[in-house]
Amino acid sequence: MTVRPGDGRSRRAWPSRLAATRWGGAPAAVWLVSGAVAVAAVAVYLFAYPFHDIQPAGFDIHAYEWQAKAVGHGPLSVVGARPGLPVMAALLGSVVHVDVAGQIVVLMPMLGLVLALAVAAAVRVAFRLSTWVLPVVVAVMVLYPGTARVVHGYQASLLFMVIATAGVAVLILAAGTTGRLLAAGAMFAAACLAHVVLFAIFAAIAGLYVLLSVPAFLRDRRGGAPLFATDAGAAAATVLSGGILGAAAIYGWLAVRPASTINTSNVVNVLQQRTLSEVRRIRPYLIGPLAVVGGLFLRHERPAAGQPGVQRAARAMARFGAAWLAVTVAGTVAGLIRESVAGHRFLLFSPPLPALAGLGVAGLGALILRTRSAVMIVAAVAVVMGLTFLVAAGGVSYFYQRTYPRIDPVYGQLRAAGVYLERYGDDRPVVFVLDRQGAVAVTSIKFRSYVVKGEMPADVVARTLIYPGKLQDLEAGRPTILPETASWERSFNAASRQAWTQIEPALGEGAIVMIVQRFASDPFRAAMARDPSRRIAPGLYLVRGPLHAVGVLPPAPRFGIVPGALSAAAMFLLLALVGFGVARTALAGAEPTVLDLVALSPAIGAGLAVLAGFLVAAAGGDPRGPLGLVVVLGLSAGSVALARSGRRVGAPQPERPARPPAAPGRVA
């Protein structure tokens with residue numbers, strides 16, 4: 001509705017008219033607020049970086065940078081047991097042409113937003129909540145300390161939660177339709193490709209959900225319901241089949257060694273402290289009460305008795321959330337008690353907890369709005385914004401403290417190495433010597449190997465090897481083996497022997513050997529004392545290879561916040577387009593609004609992008625190249641076709657029967 005000068009309508013009436021206008025089944029004002037929340041949430045993360053230089057900062061993100069570069073430039077098995085994020089990034093890169101390092105950085109807060117949107121929409125549709133709940137839950141979830149932590153440091157875990165949430169939404173809202181359940185199974189297979197270890201935990205959650213669903217299962221079967229139309233049968237079939245397909249792809253097709261799936265030996269002594277730190281960061285004295293209020297709010301807003309199909313979805317969603325929370329609490333407590341349990345991963349891998357906190361914030365706002373007046377509206381907005389700020393403070397401050405400018409000289413030294421290898425390296429492998437003594441040796445070498453590989457050109461990454469040890473041992477043709485008087489020395493020796501299995505044949509193929517001063521100061525100093533003429537750039541020594549000075553380096557590429565934000569928006573819209581048709585078809589029986597479908601589509605699109613990118617890369621293609629572009633266009637065309645052939649969505653959902661006045665003190 002448009003207000004025109006002289007049409008007789010009061011200017012002061014536009015807020016109420018905007019609230020009354022509906023776009024695709026949801027108030028126009030909710031669309032606008034949701035969009036504002038999405039933009040603000042991603043902006044909070046992006047502005048942690050220097051305005052003109054978005055580059056990876058942290059630990060694991062360097063690993064996903066080099067893995068995304070390696071996709072399409074060698075066997076996919078080189079990226080290991082978590083190919084989901086690298087292949088999805090590569091596939092998106094066929095359309096969004098930006099530097100891989102910058103793409104990975106801006107992709108993560110965008111995925112944080114996708115997770116929050118998917119969880120909020122799934123809960124809203126299942127419980128038939130007011131559409132105003134969606135932006136509130138999204139704001140709390142996307143800025144929740146756990147979300148900030150996985151955006152910064154557990155990127156594959158974040159993608160797993162995005163896709164697993166999409167799978168749960170389809171599983172519960174597909175109303176037992178076999179064809180629609182295939183979409184849930186596909187999502188779970190993609191989730192397994194994203195993080196096979198977390199999928200094992202998720203399978204335990206699904207198993208507990210099946211147990212909680214046994215009474216409903218028996219009741220449905222007595223009523224003549226098909227096996228897959230029951231909550232327990234559908235969950236068992238989709239999660240089990242998805243896990244089998246994902247594991248077969250990783251350990252069968254890619255031939256990844258199961259022993260390389262997980263290794264916590266180098267951090268086992270800090271797992272308990274990490275769990276305690278994450279518990280403190282989420283502020284349980286705040287999140288706990290908000291989650292309780294959120295549970296009461298859901299109970300109060302549960303669907304009426306006259307809507308059996310809706311009630312069923314709400315009960316199933318409640319059971320799945322309860323199972324997820326139970327495993328979360330059990331794992332976190334185990335991590336606080338036992339040193340060897342990664343309890344912090346259970347706590348971080350728990351979308352239901354921030355979702356309940358967001359519902360608690362929404363419930364308090366609804367309680368205040370029981371009295372409709374301008375003062376109470378302002379008070380409700382202030383309470384919602386204030387509580388969201390309190391929830392977000394711990395995570396946002398953590399993110400900003402650990403996002404720093406790239407001023408370390410190692411990046412210039414590694415860029416020089418990359419230029420040399422592109423000019424003179426041919427197709428030979430390259431070995432970087434890393435030497436670090438002390439109890440942090442294993443962790444340090446792991447991090448530095450990520451940085452080294454992440455800074456290499458895409459066609460060099462797959463043949464980049466790391467030698468952890470002493471230069472004299474390398475030149476003598478043996479791995480560096482330390483006396484095993486401490487646990488870290490045993491871990492170092494295991495890593496050294498494993499690295500040598502690749503380095504020994506590479507040396508036989510004429511591998512180039514280099515030393516970066518910042519990451520191996522002692523070997524660099526010893527080599528310079530022996531023959532300073534082989535220093536080919538400041539801080540870069542060539543132990544073996546064609547002797548050429550690098551000279552003046554070309555200017556470093558710049559990727560600022562503005563192109564970063566545009567790239568994030570483009571990837572979001574691309575995932576939404578790819579996933580919209582499946583979302584509309586799979587959730588048609590749940591009568592979602594278009595806003596719900598838009599919120600769920602990017603998460604479903606992420607799962608489809610993982611599957612498509614994996615198939616292209618595992619078959620030897622390059623998802624970032626022309627073939628990837630063709631695949632994206634095909635997925636988009638298929639999505640449009642599904643959306644056009646699906647049933648009509650976007651109509652307002654049935655109104656609830658009027659409720660009796662709430663008792664004093666009851667959450668409205």
# chains A, B, ... in the order shown; residues from 1 in each chain; ligands from 1
$ closest_atom_pairs --of "stretch 558-583 of chain A" --to "stretch 87-93 of chain A" --cutoff "10 Å" --atoms "only C-alpha atoms" --output "tab-separated table"
residue	atom	partner	partner_atom	distance
A:Ser567	CA	A:Gly93	CA	9.9
A:Ala570	CA	A:Leu92	CA	9.3
A:Met571	CA	A:Leu92	CA	6.7
A:Phe572	CA	A:Leu92	CA	9.8
A:Leu574	CA	A:Leu92	CA	7.9
A:Leu575	CA	A:Leu92	CA	8.5
$ write_last_selection --atoms "C-alpha atoms" --output "PDB file, in the first residue's frame"
ATOM      1  CA  SER A 567      30.067 -11.365  -1.941  1.00  0.00           C
ATOM      2  CA  ALA A 570      25.564 -12.986  -3.487  1.00  0.00           C
ATOM      3  CA  MET A 571      26.395 -16.367  -1.920  1.00  0.00           C
ATOM      4  CA  PHE A 572      23.353 -16.118   0.356  1.00  0.00           C
ATOM      5  CA  LEU A 574      22.620 -18.186  -4.593  1.00  0.00           C
ATOM      6  CA  LEU A 575      22.062 -20.747  -1.817  1.00  0.00           C
TER       7      LEU A 575
END
$ closest_residue --among "A:Gly469, A:Pro592, A:Pro538, A:Gly207" --to "A:Pro523" --atoms "only C-alpha atoms"
A:Gly469
$ closest_residue --among "A:Leu171, A:Gly288, A:Asp531, A:Leu107" --to "A:Leu566" --atoms "only C-alpha atoms"
A:Leu107
$ select_by_dssp --residues "stretch 21-206 of chain A" --states "strand (DSSP E or B)" --output "number ranges by chain"
A: 22-23, 26-27
$ write_last_selection --atoms "N, CA, C and O atoms" --output "mmCIF file, in the first residue's frame"
data_model
loop_
_atom_site.group_PDB
_atom_site.id
_atom_site.type_symbol
_atom_site.label_atom_id
_atom_site.label_comp_id
_atom_site.auth_asym_id
_atom_site.auth_seq_id
_atom_site.Cartn_x
_atom_site.Cartn_y
_atom_site.Cartn_z
ATOM 1 N N ARG A 22 0.489 -7.639 4.093
ATOM 2 C CA ARG A 22 1.134 -8.955 4.128
ATOM 3 C C ARG A 22 1.820 -9.236 2.804
ATOM 4 O O ARG A 22 1.248 -9.007 1.734
ATOM 5 N N TRP A 23 3.064 -9.728 2.887
ATOM 6 C CA TRP A 23 3.822 -10.161 1.717
ATOM 7 C C TRP A 23 4.042 -11.665 1.849
ATOM 8 O O TRP A 23 4.769 -12.127 2.718
ATOM 9 N N ALA A 26 3.215 -13.176 5.400
ATOM 10 C CA ALA A 26 3.805 -12.586 6.602
ATOM 11 C C ALA A 26 3.691 -11.068 6.516
ATOM 12 O O ALA A 26 3.734 -10.494 5.424
ATOM 13 N N PRO A 27 3.532 -10.401 7.659
ATOM 14 C CA PRO A 27 3.438 -8.942 7.624
ATOM 15 C C PRO A 27 4.659 -8.312 6.967
ATOM 16 O O PRO A 27 5.790 -8.775 7.150
#
$ atom_distance --atom1 "atom CA of A:Leu348" --atom2 "atom CA of A:Ser277"
11.5 Å
$ residues_around --residues "stretch 319-331 of chain A" --least-positions-apart "5" --cutoff "8 Å" --atoms "only C-alpha atoms" --output "mmCIF file with C-alpha atoms, in the first residue's frame"
data_model
loop_
_atom_site.group_PDB
_atom_site.id
_atom_site.type_symbol
_atom_site.label_atom_id
_atom_site.label_comp_id
_atom_site.auth_asym_id
_atom_site.auth_seq_id
_atom_site.Cartn_x
_atom_site.Cartn_y
_atom_site.Cartn_z
ATOM 1 C CA ALA A 204 23.096 -40.514 18.936
ATOM 2 C CA ILE A 205 20.692 -37.558 19.191
ATOM 3 C CA ALA A 206 18.497 -39.062 16.495
ATOM 4 C CA LEU A 208 17.389 -40.778 21.521
ATOM 5 C CA TYR A 209 14.660 -39.031 19.514
ATOM 6 C CA LEU A 212 11.275 -40.809 22.819
ATOM 7 C CA SER A 213 9.011 -41.383 19.818
ATOM 8 C CA VAL A 341 36.278 -35.479 26.598
ATOM 9 C CA ALA A 342 35.808 -32.504 24.260
ATOM 10 C CA GLY A 343 32.813 -31.198 26.196
ATOM 11 C CA PHE A 346 28.886 -30.660 22.635
ATOM 12 C CA LEU A 347 28.038 -27.212 24.004
ATOM 13 C CA PHE A 349 27.088 -28.018 18.727
ATOM 14 C CA SER A 350 23.661 -27.195 20.210
ATOM 15 C CA PRO A 352 18.323 -25.718 20.521
ATOM 16 C CA LEU A 353 19.963 -23.865 23.422
#
$ atom_distance --atom1 "atom CA of A:Ser496" --atom2 "atom CA of A:Ala618"
28.4 Å
$ residues_around --residues "stretch 393-405 of chain A" --least-positions-apart "3" --cutoff "8 Å" --atoms "only C-alpha atoms" --output "ChimeraX atom specification"
/A:44-45,48-50,53,55,57-58,143-149,152,281-283,389-390
$ write_last_selection --atoms "C-alpha atoms" --output "JSON list (two decimals), in the first residue's frame"
[["chain", "number", "residue", "atom", "x", "y", "z"],
["A", 44, "VAL", "CA", 28.84, -7.01, 13.19],
["A", 45, "TYR", "CA", 31.19, -9.81, 12.17],
["A", 48, "ALA", "CA", 35.85, -6.90, 13.09],
["A", 49, "TYR", "CA", 38.29, -6.93, 10.16],
["A", 50, "PRO", "CA", 40.31, -4.01, 8.76],
["A", 53, "ASP", "CA", 41.81, -5.98, 4.11],
["A", 55, "GLN", "CA", 41.97, -11.90, 5.49],
["A", 57, "ALA", "CA", 42.66, -14.76, 11.19],
["A", 58, "GLY", "CA", 42.56, -17.60, 13.66],
["A", 143, "LEU", "CA", 25.04, -13.25, 17.90],
["A", 144, "TYR", "CA", 25.02, -16.00, 20.54],
["A", 145, "PRO", "CA", 28.54, -16.66, 21.95],
["A", 146, "GLY", "CA", 28.53, -20.23, 20.67],
["A", 147, "THR", "CA", 27.71, -19.03, 17.16],
["A", 148, "ALA", "CA", 30.50, -16.45, 17.30],
["A", 149, "ARG", "CA", 32.89, -19.17, 18.43],
["A", 152, "HIS", "CA", 35.69, -17.91, 14.16],
["A", 281, "ARG", "CA", 31.35, -17.46, 27.80],
["A", 282, "ILE", "CA", 27.69, -18.29, 27.20],
["A", 283, "ARG", "CA", 26.81, -16.90, 30.67],
["A", 389, "PHE", "CA", 22.84, -7.26, 23.55],
["A", 390, "LEU", "CA", 23.54, -9.05, 26.85]]
$ closest_residue --among "A:Thr480, A:Gln498, A:Thr388, A:Ser533" --to "A:Val140" --atoms "only C-alpha atoms"
A:Thr388
$ residues_around --residues "A:Thr177" --least-positions-apart "3" --cutoff "8 Å" --atoms "only C-alpha atoms" --output "compact mmCIF listing (two decimals) with C-alpha atoms, in the first residue's frame"
# COMPACT_ATOMS: atom_id res chain seq x y z
CA ALA A 174 7.44 -33.33 5.61
CA ARG A 180 9.81 -35.48 0.75
CA LEU A 181 11.77 -37.64 3.18
CA PHE A 228 7.96 -44.12 7.17
CA ALA A 229 4.95 -42.02 8.15
$ residues_around --residues "stretch 501-511 of chain A" --least-positions-apart "5" --cutoff "12 Å" --atoms "only C-alpha atoms" --output "VMD selection string"
chain A and resid 78 421 425 to 433 462 to 468 473 to 479 494 to 496 542 to 546
$ select_by_dssp --residues "stretch 204-398 of chain A" --states "alpha helix (DSSP H)" --output "VMD selection string"
chain A and resid 204 to 212 214 to 222 231 to 247 271 to 281 284 to 300 308 to 337 343 to 348 352 to 368 374 to 398
